[in-house]
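So this one's run20.txt, compact mmCIF, C-alpha atoms:
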```
# COMPACT_ATOMS: atom_id res chain seq x y z
CA MET X 1 0.00 0.00 0.00
CA ILE X 2 1.41 3.41 -0.98
CA PRO X 3 1.62 5.75 2.03
CA ARG X 4 -0.19 9.05 2.08
CA MET X 5 1.51 12.31 2.86
CA ALA X 6 1.16 14.04 6.18
CA ILE X 7 1.34 17.73 7.03
CA ASP X 8 3.73 18.77 9.78
CA ALA X 9 0.84 20.53 11.50
CA GLY X 10 2.57 20.77 14.85
CA ASN X 11 5.24 23.13 13.57
CA PRO X 12 4.83 26.31 11.54
CA ILE X 13 6.74 26.72 8.29
CA PRO X 14 10.17 28.14 9.19
CA ARG X 15 10.69 31.77 8.35
CA PHE X 16 12.52 32.56 5.15
CA PRO X 17 14.87 35.54 4.78
CA ALA X 18 13.50 39.03 4.23
CA GLY X 19 13.07 39.70 0.53
CA PHE X 20 12.53 36.04 -0.36
CA LEU X 21 10.34 35.98 -3.49
CA TRP X 22 7.11 33.98 -3.31
CA GLY X 23 5.10 33.37 -6.47
CA VAL X 24 3.08 31.10 -8.74
CA SER X 25 3.67 30.05 -12.35
CA THR X 26 1.68 29.43 -15.53
CA SER X 27 2.41 29.21 -19.25
CA ALA X 28 0.75 30.88 -22.22
CA HIS X 29 -0.26 27.85 -24.25
CA GLN X 30 -1.68 26.08 -21.21
CA ILE X 31 -4.03 28.85 -20.07
CA GLU X 32 -4.51 31.63 -22.62
CA GLY X 33 -6.83 30.08 -25.18
CA ALA X 34 -7.78 32.54 -27.95
CA ALA X 35 -5.87 30.38 -30.40
CA ASP X 36 -7.75 31.92 -33.31
CA GLU X 37 -6.34 35.34 -32.35
CA ARG X 38 -2.69 34.42 -32.95
CA GLU X 39 -0.62 32.56 -35.51
CA PRO X 40 -0.30 28.79 -34.94
CA SER X 41 2.37 27.11 -32.86
CA VAL X 42 3.85 23.63 -33.12
CA TRP X 43 1.50 22.63 -30.31
CA ASP X 44 -1.60 23.61 -32.31
CA ARG X 45 -0.46 21.31 -35.12
CA PHE X 46 0.42 18.54 -32.69
CA GLU X 47 -3.00 18.70 -31.04
CA ALA X 48 -4.70 18.45 -34.42
CA GLU X 49 -3.10 15.04 -35.06
CA PRO X 50 -5.38 12.19 -33.90
CA GLY X 51 -4.16 10.33 -30.85
CA ARG X 52 -1.57 12.87 -29.77
CA ILE X 53 -3.55 14.23 -26.78
CA LYS X 54 -4.88 11.58 -24.42
CA ASP X 55 -8.36 13.05 -23.98
CA GLY X 56 -8.57 14.34 -27.56
CA SER X 57 -8.71 17.96 -26.41
CA THR X 58 -6.89 21.08 -27.55
CA ALA X 59 -5.74 24.30 -25.91
CA ALA X 60 -7.86 26.43 -28.26
CA VAL X 61 -9.84 27.80 -25.29
CA ALA X 62 -8.04 26.34 -22.24
CA CYS X 63 -8.70 28.70 -19.29
CA ASP X 64 -9.55 31.63 -21.58
CA HIS X 65 -6.97 33.68 -19.67
CA TYR X 66 -6.56 35.91 -22.72
CA HIS X 67 -10.05 37.30 -22.14
CA ARG X 68 -10.21 36.76 -18.36
CA HIS X 69 -6.78 37.86 -17.24
CA ARG X 70 -8.11 40.58 -14.93
CA GLU X 71 -10.05 37.96 -12.97
CA ASP X 72 -6.85 35.96 -12.64
CA VAL X 73 -4.85 39.01 -11.55
CA THR X 74 -7.41 39.50 -8.78
CA LEU X 75 -6.82 35.90 -7.70
CA LEU X 76 -3.08 36.61 -7.59
CA ALA X 77 -3.55 39.75 -5.53
CA ASP X 78 -5.87 38.00 -3.08
CA LEU X 79 -3.43 35.11 -2.79
CA GLY X 80 -0.77 37.54 -1.65
CA VAL X 81 2.12 36.44 -3.87
CA ASP X 82 5.02 38.77 -4.56
CA ALA X 83 5.39 37.69 -8.18
CA TYR X 84 3.66 35.97 -11.07
CA ARG X 85 5.65 33.89 -13.52
CA PHE X 86 3.80 33.67 -16.84
CA SER X 87 5.05 33.05 -20.35
CA ILE X 88 4.87 35.18 -23.43
CA SER X 89 3.72 33.42 -26.59
CA TRP X 90 6.08 34.02 -29.48
CA PRO X 91 3.27 33.18 -31.96
CA ARG X 92 1.02 35.75 -30.26
CA VAL X 93 3.68 38.45 -30.36
CA ASN X 94 4.02 37.71 -34.09
CA SER X 95 0.29 38.43 -34.50
CA PRO X 96 -1.50 41.80 -34.70
CA GLY X 97 -2.26 43.14 -31.24
CA GLY X 98 -0.53 40.24 -29.51
CA LEU X 99 2.04 42.30 -27.67
CA ASP X 100 -0.75 44.66 -26.57
CA PHE X 101 -2.18 41.83 -24.47
CA TYR X 102 1.05 41.40 -22.52
CA ASP X 103 1.31 45.16 -22.15
CA ARG X 104 -2.13 45.18 -20.46
CA LEU X 105 -1.30 42.15 -18.35
CA VAL X 106 1.92 43.72 -17.07
CA ASP X 107 0.12 46.98 -16.31
CA ASP X 108 -2.58 45.15 -14.36
CA LEU X 109 -0.03 43.10 -12.41
CA CYS X 110 1.92 46.19 -11.46
CA ALA X 111 -1.26 47.97 -10.38
CA ALA X 112 -2.10 44.96 -8.17
CA GLY X 113 1.35 44.99 -6.56
CA VAL X 114 2.41 41.71 -8.19
CA ARG X 115 5.80 41.60 -9.88
CA PRO X 116 5.63 40.33 -13.50
CA VAL X 117 8.19 37.61 -14.27
CA PRO X 118 7.79 36.57 -17.93
CA THR X 119 9.28 33.47 -19.52
CA LEU X 120 10.11 34.17 -23.13
CA PHE X 121 9.83 30.59 -24.44
CA HIS X 122 7.66 27.88 -22.88
CA TRP X 123 7.51 25.34 -25.73
CA ASP X 124 4.97 27.08 -28.04
CA LEU X 125 7.29 27.58 -31.00
CA PRO X 126 5.90 29.29 -34.11
CA VAL X 127 5.35 26.77 -36.90
CA THR X 128 7.72 28.80 -39.08
CA GLN X 129 10.63 27.94 -36.75
CA ASP X 130 12.47 24.70 -35.98
CA TRP X 131 15.05 24.15 -33.23
CA LEU X 132 16.93 21.80 -35.56
CA ARG X 133 17.84 24.94 -37.52
CA ARG X 134 20.53 27.20 -36.09
CA ASP X 135 18.85 30.37 -37.34
CA THR X 136 15.92 29.80 -34.96
CA ALA X 137 18.22 30.91 -32.14
CA SER X 138 18.82 34.22 -33.94
CA ARG X 139 15.12 34.68 -34.69
CA PHE X 140 14.41 34.06 -30.99
CA ALA X 141 16.83 36.82 -29.99
CA GLU X 142 15.11 39.23 -32.38
CA TYR X 143 11.72 38.41 -30.83
CA VAL X 144 13.17 38.87 -27.32
CA ALA X 145 14.48 42.31 -28.26
CA VAL X 146 11.01 43.37 -29.43
CA VAL X 147 9.39 42.19 -26.19
CA ALA X 148 12.05 43.79 -24.00
CA GLU X 149 11.72 47.13 -25.77
CA ARG X 150 7.95 47.13 -25.12
CA LEU X 151 7.84 45.77 -21.56
CA GLY X 152 11.29 46.47 -20.11
CA ASP X 153 10.25 49.69 -18.39
CA ARG X 154 8.06 47.63 -16.03
CA VAL X 155 9.44 44.09 -16.21
CA LYS X 156 12.67 43.73 -14.28
CA LYS X 157 12.98 39.96 -13.83
CA TRP X 158 13.20 37.83 -16.99
CA ILE X 159 13.38 34.11 -17.81
CA THR X 160 14.73 33.13 -21.22
CA LEU X 161 13.67 29.48 -21.68
CA ASN X 162 11.59 26.93 -19.82
CA GLU X 163 12.85 23.34 -19.55
CA PRO X 164 14.91 22.95 -22.72
CA ALA X 165 15.71 19.41 -21.53
CA GLU X 166 12.07 18.31 -21.65
CA HIS X 167 11.43 20.15 -24.90
CA THR X 168 14.38 18.30 -26.44
CA LEU X 169 13.62 14.89 -24.94
CA LEU X 170 9.83 14.79 -25.16
CA GLY X 171 9.31 16.88 -28.26
CA HIS X 172 12.23 15.86 -30.45
CA ALA X 173 13.72 12.59 -29.15
CA LEU X 174 10.66 10.59 -28.03
CA GLY X 175 7.80 12.28 -29.91
CA ALA X 176 5.52 12.52 -26.87
CA HIS X 177 5.22 16.32 -27.14
CA ALA X 178 5.17 18.80 -29.99
CA PRO X 179 6.55 18.85 -32.58
CA GLY X 180 6.39 15.05 -32.28
CA LYS X 181 9.79 14.08 -33.65
CA THR X 182 11.39 10.74 -32.69
CA LEU X 183 15.05 11.46 -33.32
CA LEU X 184 16.49 9.92 -30.15
CA PHE X 185 20.13 11.09 -29.91
CA ASP X 186 19.88 12.91 -33.23
CA ALA X 187 17.88 15.48 -31.24
CA LEU X 188 21.07 16.83 -29.61
CA PRO X 189 21.23 19.84 -32.00
CA VAL X 190 17.88 20.93 -30.53
CA ALA X 191 19.53 21.14 -27.12
CA HIS X 192 22.46 23.14 -28.47
CA HIS X 193 20.33 25.57 -30.43
CA GLN X 194 18.09 26.25 -27.45
CA LEU X 195 21.12 26.92 -25.27
CA LEU X 196 22.50 29.21 -27.95
CA ALA X 197 19.12 30.98 -28.09
CA HIS X 198 19.33 31.49 -24.33
CA GLY X 199 22.75 33.15 -24.62
CA LEU X 200 21.63 35.37 -27.48
CA ALA X 201 18.51 36.30 -25.52
CA VAL X 202 20.63 37.28 -22.50
CA ARG X 203 22.61 39.59 -24.76
CA ALA X 204 19.41 41.09 -26.21
CA LEU X 205 17.99 41.65 -22.74
CA ARG X 206 21.24 43.25 -21.52
CA ALA X 207 21.16 45.57 -24.53
CA ALA X 208 17.67 46.61 -23.43
CA GLY X 209 18.94 47.38 -19.91
CA ALA X 210 17.85 44.21 -18.08
CA THR X 211 19.81 43.37 -14.93
CA ASP X 212 17.83 40.42 -13.48
CA ILE X 213 17.93 37.48 -15.91
CA GLY X 214 17.63 33.74 -15.37
CA ILE X 215 16.57 30.49 -17.01
CA ALA X 216 14.14 27.77 -15.80
CA ASN X 217 15.82 24.37 -16.11
CA SER X 218 14.25 21.19 -14.78
CA HIS X 219 16.44 19.12 -12.51
CA GLY X 220 16.20 16.24 -10.06
CA PRO X 221 18.53 13.82 -8.30
CA THR X 222 19.31 10.63 -10.20
CA TRP X 223 19.46 7.51 -8.04
CA PRO X 224 20.96 4.25 -9.35
CA ALA X 225 18.59 1.29 -9.19
CA SER X 226 21.32 -0.67 -7.40
CA GLN X 227 25.03 -0.52 -6.67
CA GLU X 228 25.78 -2.83 -9.56
CA PRO X 229 28.25 -1.17 -11.97
CA GLU X 230 25.86 -1.30 -14.93
CA ASP X 231 23.11 0.49 -12.96
CA ILE X 232 25.52 3.15 -11.71
CA GLU X 233 26.81 3.71 -15.24
CA ALA X 234 23.27 4.05 -16.62
CA ALA X 235 22.27 6.46 -13.83
CA ASN X 236 25.34 8.61 -14.44
CA PHE X 237 24.52 8.81 -18.15
CA TYR X 238 20.90 9.76 -17.42
CA ASP X 239 22.09 12.45 -14.98
CA LEU X 240 24.43 13.78 -17.63
CA LEU X 241 21.58 14.09 -20.17
CA LEU X 242 18.91 15.54 -17.91
CA ASN X 243 20.99 17.64 -15.53
CA ARG X 244 24.53 18.39 -16.65
CA LEU X 245 23.88 18.77 -20.41
CA PHE X 246 21.82 21.89 -19.68
CA ALA X 247 23.64 23.22 -16.61
CA ASP X 248 27.34 22.72 -17.42
CA PRO X 249 27.39 24.89 -20.58
CA LEU X 250 25.53 27.69 -18.81
CA LEU X 251 27.54 27.65 -15.61
CA LEU X 252 30.92 26.25 -16.64
CA GLY X 253 31.10 27.24 -20.29
CA ALA X 254 31.70 23.66 -21.40
CA TYR X 255 29.71 20.56 -22.27
CA PRO X 256 30.26 17.40 -20.24
CA SER X 257 33.07 15.26 -21.63
CA GLY X 258 32.13 13.55 -24.88
CA LEU X 259 29.07 15.66 -25.69
CA GLY X 260 30.59 18.81 -27.16
CA GLU X 261 31.85 17.00 -30.26
CA LEU X 262 28.30 15.78 -30.94
CA MET X 263 26.96 19.32 -31.23
CA PRO X 264 26.66 21.25 -34.51
CA GLY X 265 28.58 24.33 -35.60
CA ASP X 266 31.52 26.10 -33.98
CA VAL X 267 30.85 24.80 -30.49
CA GLU X 268 33.75 26.61 -28.83
CA SER X 269 32.49 29.99 -30.07
CA ASP X 270 28.88 29.14 -29.28
CA LEU X 271 29.77 28.23 -25.70
CA LYS X 272 31.02 31.77 -25.11
CA VAL X 273 27.51 32.96 -25.98
CA ILE X 274 25.75 30.20 -24.06
CA ALA X 275 27.73 31.02 -20.91
CA GLU X 276 26.78 34.70 -20.86
CA PRO X 277 26.55 35.50 -17.12
CA ILE X 278 23.07 35.26 -15.63
CA ASP X 279 21.87 36.81 -12.39
CA TRP X 280 20.14 33.72 -10.99
CA TYR X 281 19.50 30.12 -11.91
CA GLY X 282 15.95 28.77 -12.06
CA VAL X 283 15.20 25.20 -11.01
CA ASN X 284 11.95 23.35 -11.77
CA TYR X 285 11.78 20.43 -9.32
CA TYR X 286 9.19 17.66 -9.24
CA ALA X 287 10.87 14.37 -8.31
CA PRO X 288 14.08 12.35 -8.36
CA SER X 289 14.59 9.55 -10.88
CA ARG X 290 15.62 5.97 -10.18
CA VAL X 291 17.60 4.69 -13.12
CA GLY X 292 19.16 1.37 -14.06
CA ALA X 293 20.68 -0.47 -16.97
CA PRO X 294 18.54 -1.02 -20.08
CA GLN X 295 16.11 -3.93 -19.79
CA GLY X 296 15.84 -4.84 -23.46
CA ALA X 297 12.20 -3.84 -23.92
CA GLU X 298 9.98 -0.76 -24.09
CA ILE X 299 9.07 0.65 -20.68
CA GLU X 300 5.88 2.49 -19.79
CA PHE X 301 6.83 5.08 -17.21
CA GLY X 302 5.12 8.29 -16.11
CA GLY X 303 2.83 8.29 -19.13
CA LEU X 304 5.75 7.82 -21.54
CA THR X 305 6.88 4.89 -23.64
CA LEU X 306 10.65 4.67 -23.37
CA PRO X 307 12.24 2.82 -26.29
CA ALA X 308 14.28 -0.32 -25.67
CA GLU X 309 17.33 1.13 -27.44
CA LEU X 310 17.94 3.79 -24.76
CA PRO X 311 21.10 3.10 -22.73
CA PHE X 312 19.15 3.29 -19.45
CA SER X 313 15.77 2.40 -17.98
CA VAL X 314 13.75 4.48 -15.54
CA ARG X 315 12.42 2.48 -12.59
CA GLU X 316 9.73 3.02 -9.99
CA ILE X 317 10.70 4.61 -6.67
CA GLU X 318 9.04 2.32 -4.15
CA ASP X 319 7.36 3.05 -0.82
CA VAL X 320 6.73 6.75 -1.37
CA PRO X 321 3.43 8.56 -2.03
CA VAL X 322 2.59 9.36 -5.64
CA THR X 323 0.53 12.11 -7.24
CA ASP X 324 -2.46 11.49 -9.49
CA PHE X 325 0.08 11.62 -12.33
CA GLY X 326 1.96 8.74 -10.72
CA TRP X 327 4.96 10.93 -9.94
CA PRO X 328 6.80 10.06 -6.70
CA VAL X 329 6.60 12.60 -3.89
CA VAL X 330 10.08 13.06 -2.42
CA PRO X 331 10.52 16.49 -0.80
CA GLU X 332 13.99 15.62 0.49
CA GLY X 333 15.05 15.26 -3.15
CA LEU X 334 14.82 19.04 -3.44
CA THR X 335 17.29 19.51 -0.60
CA GLU X 336 19.58 16.89 -2.13
CA LEU X 337 19.41 18.48 -5.56
CA LEU X 338 20.27 21.96 -4.32
CA THR X 339 23.14 20.87 -2.12
CA THR X 340 24.48 18.73 -4.99
CA PHE X 341 24.42 21.75 -7.32
CA ARG X 342 26.16 23.86 -4.67
CA ASP X 343 28.92 21.25 -4.36
CA ARG X 344 29.17 20.61 -8.12
CA TYR X 345 29.32 24.20 -9.32
CA GLY X 346 30.64 26.10 -6.32
CA ASP X 347 30.96 29.83 -6.90
CA ARG X 348 29.89 29.37 -10.54
CA LEU X 349 26.33 28.75 -9.33
CA PRO X 350 24.46 32.06 -9.00
CA PRO X 351 21.57 32.51 -6.57
CA VAL X 352 18.85 29.93 -7.16
CA VAL X 353 15.10 30.43 -7.62
CA ILE X 354 12.69 27.48 -7.59
CA THR X 355 10.72 28.45 -10.69
CA GLU X 356 8.32 25.47 -10.54
CA ASN X 357 7.23 22.99 -7.91
CA GLY X 358 3.80 21.41 -7.75
CA CYS X 359 1.64 18.33 -8.14
CA SER X 360 -1.42 16.90 -9.84
CA TYR X 361 -4.40 16.03 -7.61
CA ASP X 362 -8.13 16.13 -8.22
CA GLY X 363 -10.62 17.80 -5.90
CA ILE X 364 -11.12 21.22 -4.38
CA ASP X 365 -10.42 20.06 -0.82
CA ASP X 366 -6.92 19.07 -1.96
CA GLN X 367 -5.24 18.05 1.26
CA ASP X 368 -2.62 16.00 -0.61
CA ARG X 369 -1.48 19.12 -2.45
CA ILE X 370 -1.22 20.98 0.84
CA ALA X 371 0.92 18.18 2.25
CA TYR X 372 3.06 18.20 -0.88
CA LEU X 373 3.69 21.94 -0.73
CA ASP X 374 4.24 21.89 3.01
CA GLY X 375 6.90 19.20 2.64
CA HIS X 376 8.69 20.89 -0.23
CA VAL X 377 8.76 24.33 1.36
CA ARG X 378 10.33 22.77 4.45
CA ALA X 379 12.83 20.91 2.27
CA LEU X 380 13.72 24.20 0.59
CA HIS X 381 14.35 25.78 3.98
CA ARG X 382 16.68 22.92 4.89
CA ALA X 383 18.68 23.73 1.73
CA LEU X 384 18.92 27.34 2.91
CA GLU X 385 20.15 26.15 6.30
CA ALA X 386 22.76 24.03 4.48
CA GLY X 387 24.12 27.16 2.85
CA VAL X 388 22.45 27.16 -0.58
CA ASP X 389 21.65 30.70 -1.74
CA VAL X 390 17.97 30.33 -2.64
CA ARG X 391 16.07 33.55 -3.36
CA GLY X 392 12.55 32.47 -4.36
CA TYR X 393 9.89 29.78 -4.78
CA PHE X 394 7.11 29.56 -7.37
CA VAL X 395 4.26 27.04 -7.15
CA TRP X 396 3.11 25.31 -10.30
CA SER X 397 0.40 26.33 -10.92
CA LEU X 398 -2.06 29.14 -10.28
CA LEU X 399 -4.78 27.49 -12.40
CA ASP X 400 -5.77 24.05 -13.53
CA ASN X 401 -4.85 24.04 -17.20
CA PHE X 402 -4.13 22.18 -20.42
CA GLU X 403 -1.48 19.69 -19.31
CA TRP X 404 0.20 19.15 -22.68
CA ALA X 405 -0.22 15.58 -23.98
CA GLU X 406 -2.41 14.72 -20.99
CA GLY X 407 -5.03 17.28 -22.04
CA TYR X 408 -7.29 18.28 -19.16
CA GLU X 409 -6.99 15.05 -17.17
CA ARG X 410 -4.36 16.41 -14.75
CA ARG X 411 -5.03 19.27 -12.37
CA PHE X 412 -2.04 21.17 -10.97
CA GLY X 413 -3.80 24.39 -9.94
CA LEU X 414 -4.29 26.15 -6.64
CA VAL X 415 -7.49 27.32 -8.34
CA HIS X 416 -10.00 24.89 -9.85
CA VAL X 417 -11.21 25.72 -13.36
CA ASP X 418 -14.54 24.47 -14.68
CA TYR X 419 -13.69 24.24 -18.37
CA GLU X 420 -17.36 24.37 -19.42
CA THR X 421 -18.20 27.60 -17.58
CA GLN X 422 -14.67 28.97 -16.93
CA GLU X 423 -15.64 29.47 -13.30
CA ARG X 424 -12.63 29.76 -11.00
CA THR X 425 -12.84 28.25 -7.48
CA PRO X 426 -9.91 28.59 -5.08
CA LYS X 427 -8.98 25.23 -3.59
CA ALA X 428 -8.00 24.43 -0.02
CA SER X 429 -4.35 24.65 -1.13
CA TYR X 430 -4.93 28.25 -2.27
CA GLY X 431 -6.04 29.07 1.26
CA TRP X 432 -3.07 27.20 2.75
CA PHE X 433 -0.57 29.05 0.58
CA GLN X 434 -2.29 32.35 1.29
CA GLY X 435 -2.03 31.72 5.04
CA MET X 436 1.59 30.63 4.80
CA LEU X 437 2.50 33.81 2.93
CA ARG X 438 0.81 35.97 5.56
CA ALA X 439 2.75 34.19 8.29
CA GLN X 440 6.02 34.87 6.44
CA ARG X 441 5.44 38.62 6.40
```
Could you rewrite the structure in this file as C-alpha cells?
Amino acid sequence: MIPRMAIDAGNPIPRFPAGFLWGVSTSAHQIEGAADEREPSVWDRFEAEPGRIKDGSTAAVACDHYHRHREDVTLLADLGVDAYRFSISWPRVNSPGGLDFYDRLVDDLCAAGVRPVPTLFHWDLPVTQDWLRRDTASRFAEYVAVVAERLGDRVKKWITLNEPAEHTLLGHALGAHAPGKTLLFDALPVAHHQLLAHGLAVRALRAAGATDIGIANSHGPTWPASQEPEDIEAANFYDLLLNRLFADPLLLGAYPSGLGELMPGDVESDLKVIAEPIDWYGVNYYAPSRVGAPQGAEIEFGGLTLPAELPFSVREIEDVPVTDFGWPVVPEGLTELLTTFRDRYGDRLPPVVITENGCSYDGIDDQDRIAYLDGHVRALHRALEAGVDVRGYFVWSLLDNFEWAEGYERRFGLVHVDYETQERTPKASYGWFQGMLRAQR
C-alpha cells in the first residue's frame, strides 16, 4: 500500500529571509486560449493530429486567460504572492495586437502589486521555426528584443527558456510532445540551439537594460537502481543528459566530456555565448529519478513509452506517495538536488530560484497538495540552512490548465477551473498558501 503524505501541522513553516520571493507560475499555451487570435504554434499542429492528446482535447480555449486575465490578476492579488511567472507566446507576439495583451497584463499586475516575471519561451514555438535549424536561435533573440523594448520599463525579472531538456527529450527525441519528432540522440542539435538561443537572448535583454535574468531548467537527483556497476553507469549517463547537459554549458562554459563533439557548428564559439553571465539560476523540481541499466524492452513510465534502445531504464521509486500523475513525492530530493548543485558548481552557481514545484491532484479540498507543498517548502528551507543561496519559490500552478499531452486530465492548480463555464474556485491549497504567505510577512 502506498503511504499518504502528512502535514507537519505541529510546527509552523520556518521563516525565510527578508526579501525572499514567493510566487506562482503558468504558461501561455496552457491557459490563454484565444488560439484563433494568434498565428499557430507547433502545439496547435500537434493537437490536431489524432491520438496525440490523451483526452482528444486542444488548448484552443483552455482557461480563456486571454479574455479573463483581470479575474486571474485579482486571484493573484488576493493570494498575496510577490510575483507571477507567466510566459509570453512568441506566436502571439508575431500576431496583430498580440504584444498589446502582454502590455495590459503587465500593467494590471503592477497595479495589483504583483511583480511580472515573464518566460520568453515555454515550448509554443511558431510553426515557421524549428530548433533543428541554427537560425531559430537568432530569430528568438530578435523576438526577445522586441518584447524587452515594449515591456522592459516595467518588467525587471526575466526568464529566457523553460525546460529545454524536456522540450528536447519529449518533443524531439521521443515524440511525446510537440513537434512530435522521434530522433532519439539525433535530437542533440535541438539542445544546443536552445542553449544558444538562451545566450543570445541574454545579450538582447542586456542591450535593453535588463539586470535580473535567469533560465528555468528542470532538474532532479538521479538515483541508481542498485550498486551494480551497470546500474551506476546508466544512472550517471541519465544524470548527464537531464541535468549536466543543460547546466554545465551555462555555468561552466563547457559541455560534459564527450558531448561537445556531438553538437553542430563552432561549439567553442557558441559556448562563449551560451555562458553569458546570468543573475540567478531557475530550477523546476518535481521528483528524483531511479535509473538502471537497459532492460531490453519498451518501458511504460510516467505516461511515456521509453524505447528499448535507450542506454538506461527508468524504474519506480518504491514506498513513497505518488501524485495522481503517478509521480513520486520526495521532498527531500529538493534539498539533495540543491546541495548537490552547490557542491558541483561552487561559486559558478548564481543565486537559485525554484521556478516550478507542484503536483497533480483532483478535488477542491486538496489536502494532498497541501501536504506536498508543506513538505517541499520545508525541504527548501533545509537547503537554505545548508548554505544554498535560494532567493525564491514559485508554485506550479495558479490554475488548472491544459497539461500538454495529458489534455485536461491532470489538475495542478491552486485554483479549480470548470472548463465548461470557466468558473474559478480557489482550492484548499490556495487558502493554505495564502495563510503561509501571511505568516512569512
Can you work out which one of X:Arg441, X:His177, X:Arg348, X:Arg369 has the shortest atom-to-atom distance to Arg52 in chain X, counting all atoms listed in the file?
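Among the listed residues, the smallest separation from Arg52 in chain X belongs to X:His177.
The shortest atom-to-atom distance to Phe86 in chain X, with all atoms listed in the file taken into account, belongs to X:Val395 out of X:Val395, X:Glu230, X:Leu21, X:Phe46.
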Per residue of range 95-164 of chain X within 12 Å of range 279-294 of chain X, which atom pair is closest and at what distance in Å (one decimal), using all atoms listed in the file, listed by chain and increasing number, as a Markdown table?
```
| residue | atom | partner | partner_atom | distance |
| --- | --- | --- | --- | --- |
| X:Val117 | CA | X:Gly282 | CA | 12.0 |
| X:Thr119 | CA | X:Gly282 | CA | 11.1 |
| X:Lys156 | CA | X:Asp279 | CA | 11.7 |
| X:Lys157 | CA | X:Asp279 | CA | 9.5 |
| X:Trp158 | CA | X:Asp279 | CA | 9.9 |
| X:Ile159 | CA | X:Gly282 | CA | 8.3 |
| X:Thr160 | CA | X:Gly282 | CA | 10.2 |
| X:Leu161 | CA | X:Gly282 | CA | 9.9 |
| X:Asn162 | CA | X:Asn284 | CA | 8.8 |
| X:Glu163 | CA | X:Asn284 | CA | 7.8 |
| X:Pro164 | CA | X:Asn284 | CA | 11.4 |
```
If you measure from CA of Phe412 in chain X to CA of Ser95 in chain X, what distance in Å do you get, rounded to one decimal?
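These two atoms are separated by 29.3 Å.
CA of Cys63 in chain X is found 6.3 Å from CA of Gly33 in chain X.
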Which one is closest to Val377 in chain X: X:Leu170, X:Tyr66, X:Pro14, X:Tyr408? Count only C-alpha atoms.
X:Pro14
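Neighbours of Ala191 in chain X closer than or equal to 10 Å, with all atoms listed in the file counted and sequence neighbours fewer than 2 positions away skipped, come out as Trp131, Leu132, Pro164, Ala165, Glu166, His167, Thr168, Leu169, His172, Ala187, Leu188, Pro189, His193, Gln194, Leu195, Leu196, Ala197, Leu245, Phe246 and Met263 of chain X.
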Calculated over only C-alpha atoms, which of the candidates X:Asp324, X:Asp78, X:Asp266, X:Glu142 has the smallest distance to Trp90 in chain X?
X:Glu142
Would you please work out which residue, of X:Thr339, X:Asn401, X:Gln434, X:Thr355, is nearest to Pro221 in chain X when using all atoms listed in the file?
X:Thr339
When distances are computed from only C-alpha atoms, which of X:Ala216, X:Val73, X:Ile317, X:Val352 shows the smallest separation from Asp107 in chain X?
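Nearest candidate to Asp107 in chain X out of X:Ala216, X:Val73, X:Ile317, X:Val352: X:Val73.
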Near Phe101 in chain X, within 12 Å and counting all atoms listed in the file, which residues show up once chain neighbours fewer than 3 positions away are dropped, as a VMD selection string?
chain X and resid 28 32 34 37 to 38 65 to 70 88 to 89 92 to 93 95 to 98 104 to 108 147 150 to 151
Excluding Glu298 in chain X and its own-chain neighbours fewer than 4 positions away, which residues fall within 12 Å of it when counting only C-alpha atoms? Please give them as a PyMOL selection string.
chain X and resi 294+304-314
Any idea what's packed within 6 Å of range 382-394 of chain X, counting all atoms listed in the file, ignoring anything in its chain fewer than 6 positions away? Could you give it as a compact mmCIF listing (two decimals) with C-alpha atoms, keeping the file's coordinate frame?
```txt
# COMPACT_ATOMS: atom_id res chain seq x y z
CA PHE X 20 12.53 36.04 -0.36
CA LEU X 21 10.34 35.98 -3.49
CA TRP X 22 7.11 33.98 -3.31
CA GLY X 23 5.10 33.37 -6.47
CA VAL X 24 3.08 31.10 -8.74
CA THR X 335 17.29 19.51 -0.60
CA PRO X 351 21.57 32.51 -6.57
CA VAL X 352 18.85 29.93 -7.16
CA VAL X 353 15.10 30.43 -7.62
CA ILE X 354 12.69 27.48 -7.59
CA THR X 355 10.72 28.45 -10.69
CA GLU X 356 8.32 25.47 -10.54
```
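When CA of Leu338 in chain X is paired with CA of Val144 in chain X, their separation reads 29.4 Å.
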Non-local contacts of Glu268 in chain X (9 Å; only C-alpha atoms; under 5 positions in same chain excluded) as a PyMOL selection string:
chain X and resi 253-254+260
